[in-house]
>>> print(open('structure_25.cif').read())   # mmCIF, C-alpha atoms
data_final
#
loop_
_atom_site.group_PDB
_atom_site.id
_atom_site.type_symbol
_atom_site.label_atom_id
_atom_site.label_comp_id
_atom_site.auth_asym_id
_atom_site.auth_seq_id
_atom_site.Cartn_x
_atom_site.Cartn_y
_atom_site.Cartn_z
ATOM 1 C CA MET A 1 -6.769 4.592 -4.210
ATOM 2 C CA TYR A 2 -7.277 4.454 -0.497
ATOM 3 C CA THR A 3 -5.396 5.564 2.567
ATOM 4 C CA ALA A 4 -5.149 3.629 5.785
ATOM 5 C CA LYS A 5 -3.606 4.094 9.184
ATOM 6 C CA VAL A 6 -1.333 1.125 9.746
ATOM 7 C CA PRO A 7 -0.398 0.140 13.300
ATOM 8 C CA VAL A 8 3.272 0.198 14.226
ATOM 9 C CA THR A 9 3.092 -3.577 14.758
ATOM 10 C CA SER A 10 2.377 -3.972 11.011
ATOM 11 C CA LEU A 11 5.216 -1.852 9.644
ATOM 12 C CA ALA A 12 7.379 -4.937 9.034
ATOM 13 C CA ALA A 13 4.663 -6.350 6.761
ATOM 14 C CA ILE A 14 4.562 -3.086 4.786
ATOM 15 C CA GLN A 15 8.358 -3.029 4.489
ATOM 16 C CA ASN A 16 8.321 -6.679 3.394
ATOM 17 C CA TYR A 17 5.781 -5.904 0.640
ATOM 18 C CA MET A 18 7.793 -2.915 -0.575
ATOM 19 C CA GLY A 19 10.959 -5.030 -0.514
ATOM 20 C CA ARG A 20 9.352 -7.732 -2.648
ATOM 21 C CA CYS A 21 8.235 -5.073 -5.140
ATOM 22 C CA SER A 22 11.717 -3.554 -5.169
ATOM 23 C CA THR A 23 13.624 -6.829 -5.636
ATOM 24 C CA SER A 24 11.399 -7.688 -8.591
ATOM 25 C CA GLY A 25 12.977 -4.819 -10.516
ATOM 26 C CA HIS A 26 9.665 -3.006 -10.906
ATOM 27 C CA LEU A 27 8.165 0.066 -9.279
ATOM 28 C CA SER A 28 5.756 -0.587 -6.410
ATOM 29 C CA GLY A 29 3.068 1.273 -8.370
ATOM 30 C CA GLU A 30 3.161 -1.454 -11.030
ATOM 31 C CA PHE A 31 1.630 -3.991 -8.652
ATOM 32 C CA ILE A 32 -1.898 -4.609 -7.504
ATOM 33 C CA GLY A 33 -1.743 -5.436 -3.820
ATOM 34 C CA VAL A 34 -4.218 -7.062 -1.481
ATOM 35 C CA LEU A 35 -4.506 -5.599 2.007
ATOM 36 C CA SER A 36 -5.921 -7.851 4.705
ATOM 37 C CA VAL A 37 -6.296 -7.644 8.462
ATOM 38 C CA HIS A 38 -5.698 -10.621 10.734
ATOM 39 C CA GLU A 39 -6.467 -10.994 14.416
ATOM 40 C CA ASP A 40 -3.430 -10.886 16.671
ATOM 41 C CA LYS A 41 -3.544 -11.862 20.345
ATOM 42 C CA LYS A 42 -0.798 -9.422 21.372
ATOM 43 C CA SER A 43 -1.707 -6.340 19.350
ATOM 44 C CA PHE A 44 -5.417 -6.887 18.553
ATOM 45 C CA PHE A 45 -4.820 -7.010 14.774
ATOM 46 C CA LYS A 46 -2.078 -6.875 12.152
ATOM 47 C CA VAL A 47 -2.170 -5.686 8.572
ATOM 48 C CA HIS A 48 -0.788 -7.867 5.769
ATOM 49 C CA LEU A 49 -0.038 -6.965 2.162
ATOM 50 C CA ASP A 50 0.352 -9.454 -0.647
ATOM 51 C CA ILE A 51 1.094 -8.963 -4.320
ATOM 52 C CA LYS A 52 -1.936 -9.964 -6.369
ATOM 53 C CA GLU A 53 -0.541 -9.232 -9.819
ATOM 54 C CA HIS A 54 1.965 -7.189 -11.785
ATOM 55 C CA THR A 55 0.441 -4.774 -14.268
ATOM 56 C CA ALA A 56 3.088 -5.305 -16.953
ATOM 57 C CA ASN A 57 1.181 -3.467 -19.664
ATOM 58 C CA MET A 58 0.710 -0.197 -17.749
ATOM 59 C CA ASP A 59 1.779 2.902 -19.645
ATOM 60 C CA ARG A 60 4.741 4.625 -17.930
ATOM 61 C CA ALA A 61 3.053 8.069 -18.079
ATOM 62 C CA THR A 62 -0.092 6.625 -16.479
ATOM 63 C CA LEU A 63 1.998 5.009 -13.759
ATOM 64 C CA LEU A 64 3.823 8.248 -12.960
ATOM 65 C CA LYS A 65 0.493 10.122 -12.848
ATOM 66 C CA LYS A 66 -0.952 7.533 -10.432
ATOM 67 C CA GLN A 67 2.139 7.788 -8.240
ATOM 68 C CA ASP A 68 1.752 11.575 -8.142
ATOM 69 C CA ASP A 69 -1.954 11.144 -7.278
ATOM 70 C CA ALA A 70 -0.983 8.744 -4.471
ATOM 71 C CA TYR A 71 1.566 11.229 -3.130
ATOM 72 C CA GLN A 72 -1.048 14.000 -3.105
ATOM 73 C CA LEU A 73 -3.535 11.694 -1.372
ATOM 74 C CA ALA A 74 -0.944 10.825 1.264
ATOM 75 C CA LEU A 75 -0.533 14.527 2.074
ATOM 76 C CA GLN A 76 -4.258 14.988 2.772
ATOM 77 C CA PRO A 77 -5.416 14.829 6.390
ATOM 78 C CA TYR A 78 -7.886 12.126 7.377
ATOM 79 C CA PRO A 79 -11.488 13.368 7.103
ATOM 80 C CA ASN A 80 -13.413 14.115 10.276
ATOM 81 C CA LEU A 81 -16.303 11.632 10.019
ATOM 82 C CA SER A 82 -18.030 12.967 13.124
ATOM 83 C CA GLU A 83 -19.108 16.152 11.304
#
>>> encode(input="structure_25.cif", output="structure tokens")
Amino acid sequence: MYTAKVPVTSLAAIQNYMGRCSTSGHLSGEFIGVLSVHEDKKSFFKVHLDIKEHTANMDRATLLKKQDDAYQLALQPYPNLSE
């Protein structure tokens, strides 16, 4: 798992990805996503997310554990790399 700061100009792409996961009838944690960055003349760059595959055979307990891990990771501050 990774964390990333996403520019405000890319929030629609994130919402679109989450919407596609939601309308599929599956939890977003059941998908493997591909994050890419594309040059944008107005905002320097934009982030895109695409669904790579659905992990249909994932154990529900494993999925819930990974979602909890992701939540805990999201609560952590970004590391100070200058130290």
>>> atom_distance(input="structure_25.cif", atom1="CA of Ala61 in chain A", atom2="CA of Pro79 in chain A")
29.6 Å
>>> residues_around(input="structure_25.cif", residues="range 50-55 of chain A", least_positions_apart="4", cutoff="12 Å", atoms="only C-alpha atoms", output="CSV table (one decimal) with C-alpha atoms, keeping the file's coordinate frame")
chain,number,residue,atom,x,y,z
A,13,ALA,CA,4.7,-6.4,6.8
A,14,ILE,CA,4.6,-3.1,4.8
A,15,GLN,CA,8.4,-3.0,4.5
A,16,ASN,CA,8.3,-6.7,3.4
A,17,TYR,CA,5.8,-5.9,0.6
A,18,MET,CA,7.8,-2.9,-0.6
A,19,GLY,CA,11.0,-5.0,-0.5
A,20,ARG,CA,9.4,-7.7,-2.6
A,21,CYS,CA,8.2,-5.1,-5.1
A,22,SER,CA,11.7,-3.6,-5.2
A,24,SER,CA,11.4,-7.7,-8.6
A,25,GLY,CA,13.0,-4.8,-10.5
A,26,HIS,CA,9.7,-3.0,-10.9
A,27,LEU,CA,8.2,0.1,-9.3
A,28,SER,CA,5.8,-0.6,-6.4
A,29,GLY,CA,3.1,1.3,-8.4
A,30,GLU,CA,3.2,-1.5,-11.0
A,31,PHE,CA,1.6,-4.0,-8.7
A,32,ILE,CA,-1.9,-4.6,-7.5
A,33,GLY,CA,-1.7,-5.4,-3.8
A,34,VAL,CA,-4.2,-7.1,-1.5
A,35,LEU,CA,-4.5,-5.6,2.0
A,36,SER,CA,-5.9,-7.9,4.7
A,37,VAL,CA,-6.3,-7.6,8.5
A,59,ASP,CA,1.8,2.9,-19.6
A,60,ARG,CA,4.7,4.6,-17.9
A,62,THR,CA,-0.1,6.6,-16.5
A,63,LEU,CA,2.0,5.0,-13.8
>>> atom_distance(input="structure_25.cif", atom1="CA of Lys46 in chain A", atom2="CA of Lys66 in chain A")
26.8 Å
>>> atom_distance(input="structure_25.cif", atom1="CA of Ala4 in chain A", atom2="CA of Asn57 in chain A")
27.2 Å
>>> residues_around(input="structure_25.cif", residues="Ser43 in chain A", least_positions_apart="3", cutoff="12 Å", atoms="all atoms listed in the file", output="ChimeraX atom specification")
/A:7-10,37-40,46-47
>>> axis_aligned_box(input="structure_25.cif", around="range 34-43 of chain A", padding_each_side="5 Å", output="AutoDock Vina command-line options")
--center_x -3.6 --center_y -8.7 --center_z 9.9 --size_x 15.7 --size_y 16.3 --size_z 32.9
>>> decode(input="structure_25.cif", residues="range 13-37 of chain A", atoms="N, CA and C atoms", output="mmCIF file, in the first residue's frame")
data_model
loop_
_atom_site.group_PDB
_atom_site.id
_atom_site.type_symbol
_atom_site.label_atom_id
_atom_site.label_comp_id
_atom_site.auth_asym_id
_atom_site.auth_seq_id
_atom_site.Cartn_x
_atom_site.Cartn_y
_atom_site.Cartn_z
ATOM 1 N N ALA A 13 -11.169 12.540 -10.960
ATOM 2 C CA ALA A 13 -10.693 11.228 -11.418
ATOM 3 C C ALA A 13 -10.774 10.203 -10.293
ATOM 4 N N ILE A 14 -10.457 10.622 -9.071
ATOM 5 C CA ILE A 14 -10.538 9.726 -7.914
ATOM 6 C C ILE A 14 -12.004 9.370 -7.644
ATOM 7 N N GLN A 15 -12.874 10.364 -7.684
ATOM 8 C CA GLN A 15 -14.301 10.113 -7.471
ATOM 9 C C GLN A 15 -14.868 9.203 -8.560
ATOM 10 N N ASN A 16 -14.423 9.382 -9.789
ATOM 11 C CA ASN A 16 -14.858 8.544 -10.900
ATOM 12 C C ASN A 16 -14.453 7.089 -10.657
ATOM 13 N N TYR A 17 -13.219 6.871 -10.243
ATOM 14 C CA TYR A 17 -12.723 5.517 -9.944
ATOM 15 C C TYR A 17 -13.559 4.875 -8.832
ATOM 16 N N MET A 18 -13.766 5.623 -7.758
ATOM 17 C CA MET A 18 -14.549 5.090 -6.636
ATOM 18 C C MET A 18 -15.982 4.803 -7.067
ATOM 19 N N GLY A 19 -16.535 5.642 -7.927
ATOM 20 C CA GLY A 19 -17.885 5.421 -8.443
ATOM 21 C C GLY A 19 -17.982 4.155 -9.270
ATOM 22 N N ARG A 20 -16.963 3.918 -10.116
ATOM 23 C CA ARG A 20 -16.962 2.692 -10.921
ATOM 24 C C ARG A 20 -16.861 1.458 -10.036
ATOM 25 N N CYS A 21 -16.055 1.546 -8.972
ATOM 26 C CA CYS A 21 -15.965 0.426 -8.024
ATOM 27 C C CYS A 21 -17.314 0.207 -7.348
ATOM 28 N N SER A 22 -17.938 1.290 -6.929
ATOM 29 C CA SER A 22 -19.208 1.215 -6.211
ATOM 30 C C SER A 22 -20.336 0.653 -7.077
ATOM 31 N N THR A 23 -20.441 1.118 -8.326
ATOM 32 C CA THR A 23 -21.528 0.652 -9.192
ATOM 33 C C THR A 23 -21.345 -0.789 -9.623
ATOM 34 N N SER A 24 -20.150 -1.335 -9.433
ATOM 35 C CA SER A 24 -19.920 -2.737 -9.786
ATOM 36 C C SER A 24 -20.521 -3.677 -8.741
ATOM 37 N N GLY A 25 -20.885 -3.118 -7.585
ATOM 38 C CA GLY A 25 -21.449 -3.948 -6.527
ATOM 39 C C GLY A 25 -20.397 -4.580 -5.639
ATOM 40 N N HIS A 26 -19.154 -4.134 -5.785
ATOM 41 C CA HIS A 26 -18.057 -4.666 -4.980
ATOM 42 C C HIS A 26 -17.432 -3.545 -4.170
ATOM 43 N N LEU A 27 -16.692 -3.911 -3.142
ATOM 44 C CA LEU A 27 -15.974 -2.928 -2.340
ATOM 45 C C LEU A 27 -14.753 -2.440 -3.109
ATOM 46 N N SER A 28 -14.377 -1.188 -2.910
ATOM 47 C CA SER A 28 -13.225 -0.642 -3.637
ATOM 48 C C SER A 28 -11.953 -1.411 -3.321
ATOM 49 N N GLY A 29 -11.866 -1.990 -2.135
ATOM 50 C CA GLY A 29 -10.692 -2.775 -1.749
ATOM 51 C C GLY A 29 -10.555 -4.085 -2.498
ATOM 52 N N GLU A 30 -11.583 -4.480 -3.246
ATOM 53 C CA GLU A 30 -11.524 -5.721 -4.018
ATOM 54 C C GLU A 30 -10.894 -5.529 -5.394
ATOM 55 N N PHE A 31 -10.491 -4.302 -5.700
ATOM 56 C CA PHE A 31 -9.931 -4.014 -7.015
ATOM 57 C C PHE A 31 -8.446 -3.689 -6.920
ATOM 58 N N ILE A 32 -7.735 -4.048 -7.948
ATOM 59 C CA ILE A 32 -6.358 -3.599 -8.115
ATOM 60 C C ILE A 32 -6.438 -2.435 -9.088
ATOM 61 N N GLY A 33 -5.955 -1.296 -8.654
ATOM 62 C CA GLY A 33 -6.012 -0.091 -9.479
ATOM 63 C C GLY A 33 -4.639 0.294 -9.988
ATOM 64 N N VAL A 34 -4.631 1.021 -11.080
ATOM 65 C CA VAL A 34 -3.395 1.534 -11.658
ATOM 66 C C VAL A 34 -3.444 3.057 -11.586
ATOM 67 N N LEU A 35 -2.481 3.642 -10.894
ATOM 68 C CA LEU A 35 -2.384 5.082 -10.777
ATOM 69 C C LEU A 35 -1.363 5.572 -11.800
ATOM 70 N N SER A 36 -1.744 6.578 -12.562
ATOM 71 C CA SER A 36 -0.820 7.159 -13.532
ATOM 72 C C SER A 36 -0.915 8.674 -13.461
ATOM 73 N N VAL A 37 0.114 9.326 -13.932
ATOM 74 C CA VAL A 37 0.177 10.785 -13.935
ATOM 75 C C VAL A 37 0.366 11.238 -15.375
#
